[in-house]
>>> print(open('entry-v7.pdb').read())   # PDB, C-alpha atoms and all ligand atoms
ATOM      1  CA  MET A   1     -12.729 -31.365   0.545  1.00  0.00           C
ATOM      2  CA  GLU A   2     -15.812 -29.759  -0.897  1.00  0.00           C
ATOM      3  CA  ILE A   3     -15.169 -27.960  -4.150  1.00  0.00           C
ATOM      4  CA  ALA A   4     -17.214 -24.922  -5.115  1.00  0.00           C
ATOM      5  CA  SER A   5     -17.299 -23.958  -8.746  1.00  0.00           C
ATOM      6  CA  SER A   6     -19.262 -21.097 -10.201  1.00  0.00           C
ATOM      7  CA  ALA A   7     -22.039 -23.568 -10.929  1.00  0.00           C
ATOM      8  CA  THR A   8     -22.219 -25.070  -7.452  1.00  0.00           C
ATOM      9  CA  LEU A   9     -21.255 -22.061  -5.397  1.00  0.00           C
ATOM     10  CA  GLN A  10     -23.515 -21.518  -2.414  1.00  0.00           C
ATOM     11  CA  VAL A  11     -24.238 -17.850  -1.911  1.00  0.00           C
ATOM     12  CA  SER A  12     -26.674 -16.117   0.382  1.00  0.00           C
ATOM     13  CA  ASP A  13     -28.120 -13.685  -2.166  1.00  0.00           C
ATOM     14  CA  ALA A  14     -29.146 -15.709  -5.199  1.00  0.00           C
ATOM     15  CA  THR A  15     -30.478 -12.682  -7.091  1.00  0.00           C
ATOM     16  CA  ASP A  16     -27.000 -11.166  -7.242  1.00  0.00           C
ATOM     17  CA  HIS A  17     -25.659 -14.376  -8.718  1.00  0.00           C
ATOM     18  CA  ALA A  18     -28.449 -15.316 -11.089  1.00  0.00           C
ATOM     19  CA  TRP A  19     -25.838 -15.374 -13.850  1.00  0.00           C
ATOM     20  CA  ARG A  20     -24.791 -18.798 -12.551  1.00  0.00           C
ATOM     21  CA  ASN A  21     -27.973 -20.245 -14.019  1.00  0.00           C
ATOM     22  CA  GLU A  22     -26.557 -19.515 -17.478  1.00  0.00           C
ATOM     23  CA  ALA A  23     -23.127 -20.998 -16.759  1.00  0.00           C
ATOM     24  CA  ALA A  24     -21.660 -23.296 -19.389  1.00  0.00           C
ATOM     25  CA  CYS A  25     -20.175 -25.393 -16.581  1.00  0.00           C
ATOM     26  CA  LEU A  26     -23.492 -26.242 -14.926  1.00  0.00           C
ATOM     27  CA  GLU A  27     -23.339 -29.820 -16.194  1.00  0.00           C
ATOM     28  CA  GLU A  28     -19.573 -30.196 -15.848  1.00  0.00           C
ATOM     29  CA  ASP A  29     -17.695 -31.928 -13.058  1.00  0.00           C
ATOM     30  CA  PRO A  30     -16.681 -29.105 -10.666  1.00  0.00           C
ATOM     31  CA  GLU A  31     -13.291 -30.778 -10.174  1.00  0.00           C
ATOM     32  CA  LEU A  32     -12.450 -29.944 -13.796  1.00  0.00           C
ATOM     33  CA  PHE A  33     -12.197 -26.303 -12.720  1.00  0.00           C
ATOM     34  CA  PHE A  34      -9.779 -27.027  -9.882  1.00  0.00           C
ATOM     35  CA  PRO A  35      -6.839 -28.681 -11.614  1.00  0.00           C
ATOM     36  CA  GLU A  36      -4.359 -30.696  -9.609  1.00  0.00           C
ATOM     37  CA  GLY A  37      -1.730 -33.296 -10.316  1.00  0.00           C
ATOM     38  CA  GLU A  38       1.447 -33.601 -12.319  1.00  0.00           C
ATOM     39  CA  SER A  39       2.210 -30.994 -14.928  1.00  0.00           C
ATOM     40  CA  GLU A  40       0.973 -32.607 -18.158  1.00  0.00           C
ATOM     41  CA  ARG A  41      -2.360 -33.702 -16.671  1.00  0.00           C
ATOM     42  CA  TYR A  42      -2.656 -30.354 -14.898  1.00  0.00           C
ATOM     43  CA  GLN A  43      -2.222 -28.443 -18.159  1.00  0.00           C
ATOM     44  CA  ARG A  44      -4.709 -30.673 -19.999  1.00  0.00           C
ATOM     45  CA  GLN A  45      -7.263 -30.050 -17.260  1.00  0.00           C
ATOM     46  CA  ILE A  46      -6.711 -26.290 -17.438  1.00  0.00           C
ATOM     47  CA  ASP A  47      -7.103 -26.367 -21.217  1.00  0.00           C
ATOM     48  CA  ALA A  48     -10.324 -28.383 -20.952  1.00  0.00           C
ATOM     49  CA  ALA A  49     -11.793 -26.022 -18.353  1.00  0.00           C
ATOM     50  CA  LEU A  50     -10.832 -22.960 -20.403  1.00  0.00           C
ATOM     51  CA  GLU A  51     -12.524 -24.510 -23.456  1.00  0.00           C
ATOM     52  CA  VAL A  52     -15.772 -24.682 -21.484  1.00  0.00           C
ATOM     53  CA  CYS A  53     -15.338 -21.087 -20.309  1.00  0.00           C
ATOM     54  CA  ALA A  54     -14.752 -19.962 -23.896  1.00  0.00           C
ATOM     55  CA  THR A  55     -18.330 -20.983 -24.717  1.00  0.00           C
ATOM     56  CA  CYS A  56     -19.856 -19.452 -21.599  1.00  0.00           C
ATOM     57  CA  PRO A  57     -22.359 -16.616 -21.996  1.00  0.00           C
ATOM     58  CA  VAL A  58     -21.634 -15.305 -18.496  1.00  0.00           C
ATOM     59  CA  ILE A  59     -17.849 -15.299 -18.625  1.00  0.00           C
ATOM     60  CA  ASP A  60     -17.637 -11.587 -17.739  1.00  0.00           C
ATOM     61  CA  GLU A  61     -19.947 -11.936 -14.753  1.00  0.00           C
ATOM     62  CA  CYS A  62     -18.003 -14.971 -13.569  1.00  0.00           C
ATOM     63  CA  LEU A  63     -14.667 -13.178 -13.815  1.00  0.00           C
ATOM     64  CA  SER A  64     -16.056 -10.124 -12.020  1.00  0.00           C
ATOM     65  CA  TYR A  65     -17.365 -12.342  -9.253  1.00  0.00           C
ATOM     66  CA  ALA A  66     -14.043 -14.190  -8.915  1.00  0.00           C
ATOM     67  CA  LEU A  67     -12.111 -10.932  -8.683  1.00  0.00           C
ATOM     68  CA  GLU A  68     -14.526  -9.388  -6.179  1.00  0.00           C
ATOM     69  CA  ALA A  69     -14.635 -12.568  -4.083  1.00  0.00           C
ATOM     70  CA  ASP A  70     -10.854 -12.873  -4.346  1.00  0.00           C
ATOM     71  CA  GLN A  71     -11.034 -16.466  -5.584  1.00  0.00           C
ATOM     72  CA  ARG A  72      -7.397 -17.570  -5.435  1.00  0.00           C
ATOM     73  CA  THR A  73      -7.845 -21.113  -6.730  1.00  0.00           C
ATOM     74  CA  GLY A  74      -9.485 -22.693  -9.713  1.00  0.00           C
ATOM     75  CA  ILE A  75     -10.637 -21.575 -13.137  1.00  0.00           C
ATOM     76  CA  TRP A  76     -13.148 -18.728 -13.096  1.00  0.00           C
ATOM     77  CA  GLY A  77     -14.290 -16.492 -15.904  1.00  0.00           C
ATOM     78  CA  GLY A  78     -11.879 -18.030 -18.387  1.00  0.00           C
ATOM     79  CA  THR A  79      -8.857 -17.299 -16.223  1.00  0.00           C
ATOM     80  CA  THR A  80      -6.469 -19.289 -14.107  1.00  0.00           C
ATOM     81  CA  ALA A  81      -5.608 -18.270 -10.565  1.00  0.00           C
ATOM     82  CA  GLU A  82      -2.273 -16.941 -11.840  1.00  0.00           C
ATOM     83  CA  GLN A  83      -3.967 -14.797 -14.483  1.00  0.00           C
ATOM     84  CA  ARG A  84      -6.366 -13.349 -11.903  1.00  0.00           C
ATOM     85  CA  SER A  85      -3.442 -12.569  -9.660  1.00  0.00           C
ATOM     86  CA  ARG A  86      -1.865 -10.612 -12.526  1.00  0.00           C
ATOM     87  CA  ILE A  87      -5.160  -8.811 -13.163  1.00  0.00           C
ATOM     88  CA  ARG A  88      -5.367  -7.816  -9.483  1.00  0.00           C
ATOM     89  CA  LEU A  89      -1.750  -6.653  -9.553  1.00  0.00           C
ATOM     90  CA  GLY A  90      -2.362  -4.648 -12.742  1.00  0.00           C
ATOM     91  CA  ALA A  91      -5.510  -3.089 -11.284  1.00  0.00           C
ATOM     92  CA  SER A  92      -3.674  -2.223  -8.101  1.00  0.00           C
ATOM     93  CA  ARG A  93      -0.846  -0.572 -10.040  1.00  0.00           C
ATOM     94  CA  ALA A  94      -3.291   1.326 -12.262  1.00  0.00           C
ATOM     95  CA  SER A  95      -5.229   2.459  -9.211  1.00  0.00           C
ATOM     96  CA  SER A  96      -2.138   3.675  -7.369  1.00  0.00           C
ATOM     97  CA  THR A  97      -0.954   5.491 -10.531  1.00  0.00           C
ATOM     98  CA  GLN A  98      -4.317   7.252 -10.762  1.00  0.00           C
ATOM     99  CA  ARG A  99      -4.160   8.160  -7.054  1.00  0.00           C
ATOM    100  CA  ARG A 100      -0.638   9.554  -7.502  1.00  0.00           C
ATOM    101  CA  ARG A 101      -1.729  11.632 -10.511  1.00  0.00           C
ATOM    102  CA  ALA A 102      -4.727  12.997  -8.602  1.00  0.00           C
ATOM    103  CA  ALA A 103      -2.527  13.805  -5.591  1.00  0.00           C
ATOM    104  CA  VAL A 104       0.037  15.602  -7.776  1.00  0.00           C
ATOM    105  CA  ALA A 105      -2.705  17.528  -9.578  1.00  0.00           C
ATOM    106  CA  GLY A 106      -4.345  18.405  -6.266  1.00  0.00           C
ATOM    107  CA  ALA A 107      -1.071  19.531  -4.708  1.00  0.00           C
ATOM    108  CA  SER A 108      -0.205  21.735  -7.683  1.00  0.00           C
ATOM    109  CA  GLY A 109      -3.739  23.080  -8.094  1.00  0.00           C
ATOM    110  CA  ALA A 110      -3.726  21.872 -11.669  1.00  0.00           C
ATOM    111  CA  ALA A 111      -6.622  20.091 -13.247  1.00  0.00           C
ATOM    112  CA  VAL A 112      -6.309  16.365 -13.488  1.00  0.00           C
ATOM    113  CA  GLY A 113      -5.163  15.441 -16.973  1.00  0.00           C
ATOM    114  CA  PRO A 114      -7.166  13.786 -19.667  1.00  0.00           C
ATOM    115  CA  ASP A 115      -9.062  10.602 -18.938  1.00  0.00           C
ATOM    116  CA  ARG A 116      -6.517   7.815 -18.613  1.00  0.00           C
ATOM    117  CA  SER A 117      -8.985   4.998 -18.083  1.00  0.00           C
ATOM    118  CA  HIS A 118      -7.868   3.492 -21.383  1.00  0.00           C
ATOM    119  CA  GLU A 119      -4.395   3.118 -19.869  1.00  0.00           C
ATOM    120  CA  ALA A 120      -5.820   1.113 -16.967  1.00  0.00           C
ATOM    121  CA  THR A 121      -7.669  -1.100 -19.433  1.00  0.00           C
ATOM    122  CA  ALA A 122      -4.480  -1.606 -21.406  1.00  0.00           C
ATOM    123  CA  ASP A 123      -2.668  -2.484 -18.145  1.00  0.00           C
ATOM    124  CA  LEU A 124      -5.292  -5.152 -17.441  1.00  0.00           C
ATOM    125  CA  GLU A 125      -5.048  -6.550 -20.942  1.00  0.00           C
ATOM    126  CA  ARG A 126      -1.256  -6.777 -20.637  1.00  0.00           C
ATOM    127  CA  ALA A 127      -1.625  -8.478 -17.246  1.00  0.00           C
ATOM    128  CA  VAL A 128      -3.842 -11.192 -18.706  1.00  0.00           C
ATOM    129  CA  GLY A 129      -1.403 -11.685 -21.561  1.00  0.00           C
TER     130      GLY A 129
HETATM  131  S1  LIG A 201     -16.811 -18.633 -17.197  1.00  0.00           S
HETATM  132 FE1  LIG A 201     -16.188 -20.759 -16.881  1.00  0.00          FE
HETATM  133  S2  LIG A 201     -16.187 -21.105 -14.655  1.00  0.00           S
HETATM  134 FE2  LIG A 201     -17.346 -19.209 -15.077  1.00  0.00          FE
HETATM  135  S3  LIG A 201     -19.487 -19.833 -15.195  1.00  0.00           S
HETATM  136 FE3  LIG A 201     -18.687 -19.856 -17.266  1.00  0.00          FE
HETATM  137  S4  LIG A 201     -17.948 -21.929 -17.645  1.00  0.00           S
HETATM  138 FE4  LIG A 201     -18.231 -21.702 -15.423  1.00  0.00          FE
END
>>> encode(input="entry-v7.pdb", output="structure tokens")
Amino acid sequence: MEIASSATLQVSDATDHAWRNEAACLEEDPELFFPEGESERYQRQIDAALEVCATCPVIDECLSYALEADQRTGIWGGTTAEQRSRIRLGASRASSTQRRRAAVAGASGAAVGPDRSHEATADLERAVG
């Protein structure tokens, strides 16, 4: 099985993914970012990958890419697959809450309330834990 990490990922539009050239994992074994095995080894591998991510200057770009590309396996942007799943769930809930508020405001003719974007951000931060 071929493993694609952020450093080895093949993409058609390199200019959109130029951030990969700055990746802290460029010289790392891509398998480090796709932990497998029994639980203790698995956790050590996750910890080691997250340590690399913690030093990465493009961690935000990497996480954005992983969320947009719906990467469901591996370590990307300093997150595990489970953490990204929680981020997606939190974003989905925040988005549906905003849609409900807009629909209620539209139905009642009232102006939409104050900017609640900070609530969505807080939802995402809680999701990551
Ligand atoms: S955040 Fe982690 S996985 Fe993403 S490019 Fe940086 S080191 Fe690689």
>>> residues_near_ligand(input="entry-v7.pdb", ligand="ligand LIG 201 (chain A)", cutoff="12 Å", atoms="all atoms listed in the file", output="VMD selection string")
chain A and resid 4 to 9 17 to 34 46 to 67 71 73 to 81
>>> atom_distance(input="entry-v7.pdb", atom1="CA of Ser39 in chain A", atom2="CA of Glu82 in chain A")
15.1 Å
>>> atom_distance(input="entry-v7.pdb", atom1="CA of Ser92 in chain A", atom2="CA of Asp16 in chain A")
25.0 Å
>>> atom_distance(input="entry-v7.pdb", atom1="CA of Glu38 in chain A", atom2="CA of Gly90 in chain A")
29.2 Å
>>> decode(input="entry-v7.pdb", residues="range 87-110 of chain A", atoms="C-alpha atoms", output="mmCIF file, in the first residue's frame")
data_model
loop_
_atom_site.group_PDB
_atom_site.id
_atom_site.type_symbol
_atom_site.label_atom_id
_atom_site.label_comp_id
_atom_site.auth_asym_id
_atom_site.auth_seq_id
_atom_site.Cartn_x
_atom_site.Cartn_y
_atom_site.Cartn_z
ATOM 1 C CA ILE A 87 -13.607 19.147 14.217
ATOM 2 C CA ARG A 88 -15.809 18.258 11.228
ATOM 3 C CA LEU A 89 -18.670 17.346 13.557
ATOM 4 C CA GLY A 90 -18.252 20.606 15.494
ATOM 5 C CA ALA A 91 -18.136 22.628 12.274
ATOM 6 C CA SER A 92 -21.214 20.862 10.989
ATOM 7 C CA ARG A 93 -23.113 21.572 14.209
ATOM 8 C CA ALA A 94 -21.989 25.213 14.233
ATOM 9 C CA SER A 95 -22.999 25.577 10.600
ATOM 10 C CA SER A 96 -26.445 24.071 11.129
ATOM 11 C CA THR A 97 -26.954 26.289 14.214
ATOM 12 C CA GLN A 98 -26.095 29.356 12.133
ATOM 13 C CA ARG A 99 -28.462 28.208 9.363
ATOM 14 C CA ARG A 100 -31.255 27.689 11.906
ATOM 15 C CA ARG A 101 -30.690 31.157 13.394
ATOM 16 C CA ALA A 102 -30.730 32.751 9.937
ATOM 17 C CA ALA A 103 -33.904 30.842 9.020
ATOM 18 C CA VAL A 104 -35.638 31.905 12.251
ATOM 19 C CA ALA A 105 -34.549 35.517 11.761
ATOM 20 C CA GLY A 106 -35.674 35.425 8.134
ATOM 21 C CA ALA A 107 -39.039 33.894 9.002
ATOM 22 C CA SER A 108 -39.711 36.467 11.720
ATOM 23 C CA GLY A 109 -38.389 39.398 9.687
ATOM 24 C CA ALA A 110 -35.976 40.179 12.481
#
